[in-house]
Every structure is written in C-alpha cells, then in structure tokens.
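To be precise, the following lines are query_14.pdb, and they hold PDB, C-alpha atoms.
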MODEL        1
ATOM      1  CA  MET A   1      77.144  -5.563  18.928
ATOM      2  CA  PHE A   2      76.654  -2.072  17.533
ATOM      3  CA  ALA A   3      78.247  -0.104  14.709
ATOM      4  CA  PRO A   4      77.767   3.593  13.909
ATOM      5  CA  THR A   5      75.670   4.571  10.899
ATOM      6  CA  GLU A   6      76.262   7.513   8.534
ATOM      7  CA  ASP A   7      73.357   9.475  10.034
ATOM      8  CA  GLY A   8      74.813   9.410  13.578
ATOM      9  CA  GLY A   9      72.685   6.511  14.752
ATOM     10  CA  TRP A  10      73.627   2.941  15.577
ATOM     11  CA  LYS A  11      72.824  -0.388  13.979
ATOM     12  CA  GLY A  12      73.067  -3.522  16.098
ATOM     13  CA  SER A  13      72.659  -7.267  16.123
ATOM     14  CA  GLY A  14      72.498  -9.685  19.042
ATOM     15  CA  ARG A  15      72.333 -13.355  19.956
ATOM     16  CA  SER A  16      70.791 -14.649  23.151
ATOM     17  CA  LEU A  17      71.051 -17.410  25.722
ATOM     18  CA  PRO A  18      68.325 -19.955  26.449
ATOM     19  CA  GLY A  19      65.790 -18.412  28.804
ATOM     20  CA  LEU A  20      66.120 -14.825  27.575
ATOM     21  CA  HIS A  21      63.790 -13.948  24.677
ATOM     22  CA  LEU A  22      65.938 -11.302  22.991
ATOM     23  CA  ARG A  23      63.254  -9.680  20.832
ATOM     24  CA  ASP A  24      60.878  -9.416  23.807
ATOM     25  CA  ALA A  25      63.636  -7.897  25.965
ATOM     26  CA  ILE A  26      64.200  -5.213  23.322
ATOM     27  CA  ASP A  27      60.439  -4.667  23.098
ATOM     28  CA  VAL A  28      60.322  -3.893  26.846
ATOM     29  CA  ILE A  29      62.934  -1.171  26.299
ATOM     30  CA  TYR A  30      61.097   0.126  23.213
ATOM     31  CA  LYS A  31      57.815   0.503  25.103
ATOM     32  CA  LYS A  32      59.527   2.642  27.753
ATOM     33  CA  ASN A  33      61.705   4.627  25.311
ATOM     34  CA  PRO A  34      60.218   4.621  21.772
ATOM     35  CA  SER A  35      62.201   7.715  20.752
ATOM     36  CA  TRP A  36      65.432   5.724  21.035
ATOM     37  CA  PHE A  37      64.443   3.361  18.207
ATOM     38  CA  VAL A  38      64.429   3.646  14.441
ATOM     39  CA  LYS A  39      63.338  -0.013  14.097
ATOM     40  CA  PHE A  40      63.885  -3.462  15.599
ATOM     41  CA  GLY A  41      62.872  -7.068  15.076
ATOM     42  CA  GLY A  42      63.882 -10.631  15.646
ATOM     43  CA  HIS A  43      62.954 -13.667  17.701
ATOM     44  CA  ALA A  44      63.890 -15.457  20.916
ATOM     45  CA  MET A  45      67.520 -16.162  20.078
ATOM     46  CA  ALA A  46      68.501 -13.319  17.711
ATOM     47  CA  ALA A  47      67.499  -9.741  17.015
ATOM     48  CA  GLY A  48      68.518  -6.683  15.059
ATOM     49  CA  LEU A  49      67.872  -3.030  15.802
ATOM     50  CA  SER A  50      68.621   0.508  14.711
ATOM     51  CA  LEU A  51      68.908   3.204  17.373
ATOM     52  CA  THR A  52      69.223   6.955  17.432
ATOM     53  CA  ALA A  53      72.350   8.471  18.985
ATOM     54  CA  GLU A  54      70.275   9.210  22.113
ATOM     55  CA  GLY A  55      69.030   5.614  22.155
ATOM     56  CA  ARG A  56      72.500   4.138  22.038
ATOM     57  CA  ALA A  57      73.526   6.215  25.052
ATOM     58  CA  GLY A  58      70.799   4.715  27.258
ATOM     59  CA  PHE A  59      70.327   1.289  25.702
ATOM     60  CA  ALA A  60      73.105  -0.598  27.519
ATOM     61  CA  ASP A  61      71.834   0.313  30.999
ATOM     62  CA  ALA A  62      68.213  -0.371  30.029
ATOM     63  CA  PHE A  63      69.124  -3.748  28.524
ATOM     64  CA  GLU A  64      71.124  -4.732  31.601
ATOM     65  CA  GLU A  65      68.114  -3.903  33.775
ATOM     66  CA  VAL A  66      65.768  -6.028  31.627
ATOM     67  CA  VAL A  67      68.182  -8.971  31.775
ATOM     68  CA  LYS A  68      68.520  -8.668  35.565
ATOM     69  CA  ASN A  69      64.739  -8.660  35.921
ATOM     70  CA  ASN A  70      64.366 -11.636  33.589
ATOM     71  CA  TYR A  71      66.845 -13.753  35.546
ATOM     72  CA  ASP A  72      65.742 -12.521  39.004
ATOM     73  CA  GLY A  73      69.301 -11.367  39.697
ATOM     74  CA  ILE A  74      70.764 -14.812  38.899
ATOM     75  CA  ARG A  75      73.562 -14.752  36.367
ATOM     76  CA  PRO A  76      72.792 -17.108  33.437
ATOM     77  CA  GLN A  77      75.010 -20.162  33.140
ATOM     78  CA  GLN A  78      76.097 -21.776  29.925
ATOM     79  CA  TYR A  79      75.410 -25.459  29.600
ATOM     80  CA  LEU A  80      75.622 -28.173  26.982
ATOM     81  CA  VAL A  81      72.857 -30.611  26.238
ATOM     82  CA  SER A  82      74.243 -33.841  24.850
ATOM     83  CA  ASP A  83      72.850 -36.916  23.197
ATOM     84  CA  GLY A  84      74.904 -39.088  25.554
ATOM     85  CA  GLN A  85      77.666 -41.425  24.523
ATOM     86  CA  LEU A  86      77.837 -42.478  20.889
ATOM     87  CA  PRO A  87      78.249 -46.264  20.553
ATOM     88  CA  LEU A  88      81.667 -47.152  19.107
ATOM     89  CA  ASP A  89      80.127 -48.958  16.128
ATOM     90  CA  GLN A  90      78.401 -45.695  15.117
ATOM     91  CA  MET A  91      81.571 -43.578  15.171
ATOM     92  CA  THR A  92      81.895 -43.844  11.409
ATOM     93  CA  VAL A  93      82.239 -41.732   8.285
ATOM     94  CA  HIS A  94      78.859 -43.127   7.211
ATOM     95  CA  THR A  95      77.189 -41.696  10.352
ATOM     96  CA  ALA A  96      78.875 -38.306   9.824
ATOM     97  CA  ARG A  97      77.825 -38.203   6.156
ATOM     98  CA  HIS A  98      74.244 -39.134   7.072
ATOM     99  CA  LEU A  99      74.087 -36.374   9.712
ATOM    100  CA  SER A 100      75.490 -33.791   7.273
ATOM    101  CA  LEU A 101      72.439 -34.275   5.029
ATOM    102  CA  ASN A 102      70.149 -32.815   7.695
ATOM    103  CA  VAL A 103      69.363 -29.174   8.393
ATOM    104  CA  TRP A 104      70.199 -28.195  11.982
ATOM    105  CA  GLY A 105      69.220 -25.061  13.885
ATOM    106  CA  GLN A 106      67.299 -23.728  16.857
ATOM    107  CA  GLY A 107      64.985 -26.443  18.114
ATOM    108  CA  PHE A 108      66.761 -28.989  15.887
ATOM    109  CA  GLU A 109      70.278 -28.934  17.268
ATOM    110  CA  GLU A 110      72.978 -31.004  15.620
ATOM    111  CA  PRO A 111      73.705 -34.087  17.738
ATOM    112  CA  LEU A 112      76.389 -33.601  20.373
ATOM    113  CA  TRP A 113      77.966 -36.603  22.059
ATOM    114  CA  VAL A 114      80.148 -36.998  25.107
ATOM    115  CA  GLY A 115      82.769 -39.579  25.905
ATOM    116  CA  GLU A 116      86.128 -40.272  27.456
ATOM    117  CA  PHE A 117      89.191 -40.499  25.242
ATOM    118  CA  ARG A 118      92.887 -41.247  25.602
ATOM    119  CA  VAL A 119      95.108 -38.583  24.040
ATOM    120  CA  HIS A 120      97.881 -39.921  21.783
ATOM    121  CA  GLN A 121      99.191 -36.781  20.106
ATOM    122  CA  VAL A 122      98.724 -33.022  20.563
ATOM    123  CA  ASP A 123      99.531 -30.243  18.078
ATOM    124  CA  MET A 124      98.698 -26.564  17.830
ATOM    125  CA  ILE A 125      97.721 -25.691  14.266
ATOM    126  CA  GLY A 126      96.560 -22.719  12.229
ATOM    127  CA  LYS A 127      98.221 -19.474  11.235
ATOM    128  CA  ASP A 128      98.266 -18.239  14.839
ATOM    129  CA  LYS A 129      98.730 -21.713  16.378
ATOM    130  CA  ASN A 130      95.468 -21.254  18.294
ATOM    131  CA  HIS A 131      93.632 -24.416  17.226
ATOM    132  CA  LEU A 132      94.130 -27.680  19.088
ATOM    133  CA  LYS A 133      94.497 -30.853  17.030
ATOM    134  CA  MET A 134      94.668 -34.166  18.865
ATOM    135  CA  ILE A 135      94.750 -37.809  17.950
ATOM    136  CA  VAL A 136      92.467 -39.600  20.415
ATOM    137  CA  SER A 137      90.970 -43.039  21.014
ATOM    138  CA  PRO A 138      87.704 -43.749  22.786
ATOM    139  CA  LEU A 139      88.342 -45.647  26.002
ATOM    140  CA  GLY A 140      88.008 -49.353  25.302
ATOM    141  CA  SER A 141      88.883 -48.994  21.621
ATOM    142  CA  PHE A 142      92.014 -49.088  19.486
ATOM    143  CA  ASP A 143      90.400 -46.815  16.860
ATOM    144  CA  ALA A 144      92.046 -43.393  16.610
ATOM    145  CA  PHE A 145      90.433 -40.161  15.444
ATOM    146  CA  THR A 146      91.527 -36.623  14.791
ATOM    147  CA  ALA A 147      89.835 -34.266  17.267
ATOM    148  CA  LEU A 148      89.822 -30.536  16.546
ATOM    149  CA  HIS A 149      89.090 -27.778  19.091
ATOM    150  CA  PHE A 150      89.167 -24.358  17.478
ATOM    151  CA  PHE A 151      90.447 -21.236  19.259
ATOM    152  CA  GLN A 152      91.885 -23.158  22.208
ATOM    153  CA  GLU A 153      95.212 -22.126  23.660
ATOM    154  CA  ASP A 154      94.578 -23.007  27.315
ATOM    155  CA  LYS A 155      94.642 -26.279  29.234
ATOM    156  CA  ILE A 156      96.492 -28.231  26.572
ATOM    157  CA  PRO A 157      96.215 -31.979  27.312
ATOM    158  CA  GLN A 158      99.259 -34.225  27.358
ATOM    159  CA  PRO A 159      99.778 -37.537  25.552
ATOM    160  CA  ASP A 160      98.368 -40.520  27.470
ATOM    161  CA  GLN A 161      95.991 -38.238  29.413
ATOM    162  CA  ILE A 162      92.327 -39.271  29.672
ATOM    163  CA  ILE A 163      89.955 -36.411  28.752
ATOM    164  CA  ARG A 164      86.211 -36.023  28.471
ATOM    165  CA  LEU A 165      84.975 -34.501  25.201
ATOM    166  CA  ALA A 166      81.677 -33.082  23.967
ATOM    167  CA  TYR A 167      81.904 -33.421  20.185
ATOM    168  CA  ARG A 168      80.183 -33.560  16.815
ATOM    169  CA  LEU A 169      81.087 -35.786  13.883
ATOM    170  CA  GLN A 170      82.488 -34.518  10.607
ATOM    171  CA  ALA A 171      83.517 -36.464   7.527
ATOM    172  CA  SER A 172      86.583 -34.981   5.849
ATOM    173  CA  VAL A 173      88.821 -35.861   2.937
ATOM    174  CA  PHE A 174      92.588 -35.821   3.361
ATOM    175  CA  GLY A 175      95.025 -37.176   0.785
ATOM    176  CA  GLY A 176      92.106 -38.482  -1.268
ATOM    177  CA  GLU A 177      90.865 -40.592   1.651
ATOM    178  CA  GLU A 178      87.658 -39.927   3.575
ATOM    179  CA  LYS A 179      87.986 -40.046   7.352
ATOM    180  CA  LEU A 180      86.071 -39.190  10.499
ATOM    181  CA  ASP A 181      86.977 -36.134  12.567
ATOM    182  CA  LEU A 182      85.619 -35.122  15.964
ATOM    183  CA  ILE A 183      84.795 -31.412  16.217
ATOM    184  CA  ILE A 184      85.055 -30.523  19.904
ATOM    185  CA  ALA A 185      82.412 -28.261  21.444
ATOM    186  CA  ASP A 186      83.840 -28.535  24.968
ATOM    187  CA  ARG A 187      86.300 -30.614  26.992
ATOM    188  CA  ASP A 188      87.542 -31.139  30.519
TER
ENDMDL
END
Could the structure of this file be written out as structure tokens, please?
Amino acid sequence: MFAPTEDGGWKGSGRSLPGLHLRDAIDVIYKKNPSWFVKFGGHAMAAGLSLTAEGRAGFADAFEEVVKNNYDGIRPQQYLVSDGQLPLDQMTVHTARHLSLNVWGQGFEEPLWVGEFRVHQVDMIGKDKNHLKMIVSPLGSFDAFTALHFFQEDKIPQPDQIIRLAYRLQASVFGGEEKLDLIIADRD
C-alpha cells in the first residue's frame, strides 16, 4: 500500500504471506534499482519503504517479477494451521481468560481450533449489517455459544445447519455477566 508524500515521492507499507520474505524481496529490487529508493526496512512478514516518483512507476512490475521467481510461477495459497479440536470441557471463560494473558505474534500464533457446530440462530449485526453473529452448539453438546464472523455477508448459514468453524476464544462481558464467545477465522 502506497501513499504520496509532499515531495512527490511515495511511502509504503506491506504485509507478506508465509514463504515470501518481504524485506528480502524488496532488497532484490533495491540492488537492481537503487535510485528508486529513499529508504526501506522490515523483516520476513512486514516491511516499509519510501520511493522516489521514478521508483513508484517501476516498483509494481519489479515486485511482481520477484514474487513470480520466488514461487516458481505457482500462485501462493492461503491456509490455516489449527491446533485441532478443542475438548468440550476446555471451551470455557477460564480458558479464554488464561489465553488472553499471553502475548501472541509471528512464531507464537494465538491458538486456533476447528470443530463442527449446529447453528441455532443467525443475525447480521453492525452499522452496515456486515458482521455475522450466530448462536452455535458443538456437535455432541447442549452448550451454546455466540460465534462472531466479522465482515461476512456471503454464504450465510441457516438454523439447524451443521458448519465447520476455525475459531479463537474470547471472554466478553454482557449485561454484567462474563461469557465465552467464538471469534471465527474461517468457516465452511
């Protein structure tokens, strides 16, 4: 993502996918075209850079070429790595609170679980009605949880449908009562 600067140049920031070292990819371009750059830096998964006006004009094509070479012409695929199925007795506010005390980031990803759930209720919420809120129960359980999937307007499940969720736990307080919510990362 780039934005123009007052001096006619461009300032940018990027995030990467696993397998593409973003700072090294930019370094390849820098070594071939140093006059395009004011400065750059970063690491495998994120980088920032400042380019001249000339640099911005050629950067997109050069970056695309580096990415193609890095992936040998194979388009990168997104994937989720999960921690498997969370046992029902650990789907608790206590577990969510305990997890919230940790620091998560690259190399120390927040746990992500998968499981099958029966949908009981479906609502679209938020100012633009673009967030999905469901009441779901894990298969084999009568416990019900609120599951939230932000910025989801497609493939809305129906009550009594069985869906597979990839989710994280979050403790929340509503009406003075603490409860467990499932924050959905993906679903099918």
Hits of the PyMOL selection byres ((chain A and resi 174-183) around 12) in this structure, as a count of residues only: 45
Distance query Ala3 in chain A at most 7 Å, all atoms listed in the file, self and fewer than 4 positions along chain excluded, as number ranges by chain: A: 10-12
7 Å contact set for Ile163 in chain A, all atoms listed in the file, chain neighbours under 4 positions out, as a PyMOL selection string: chain A and resi 116-118+188
Selection result of the PyMOL selection byres ((chain A and resi 57) around 12) on this file, as a list in words: Phe2, Gly8, Gly9, Trp10, Asn33, Trp36, Phe37, Leu51, Thr52, Ala53, Glu54, Gly55, Arg56, Gly58, Phe59, Ala60, Asp61, Ala62 and Phe63 of chain A
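Counting only C-alpha atoms, the residue from A:Asp24, A:Asp89, A:Ser141, A:Lys32 that sits nearest to Asn70 in chain A is A:Asp24.
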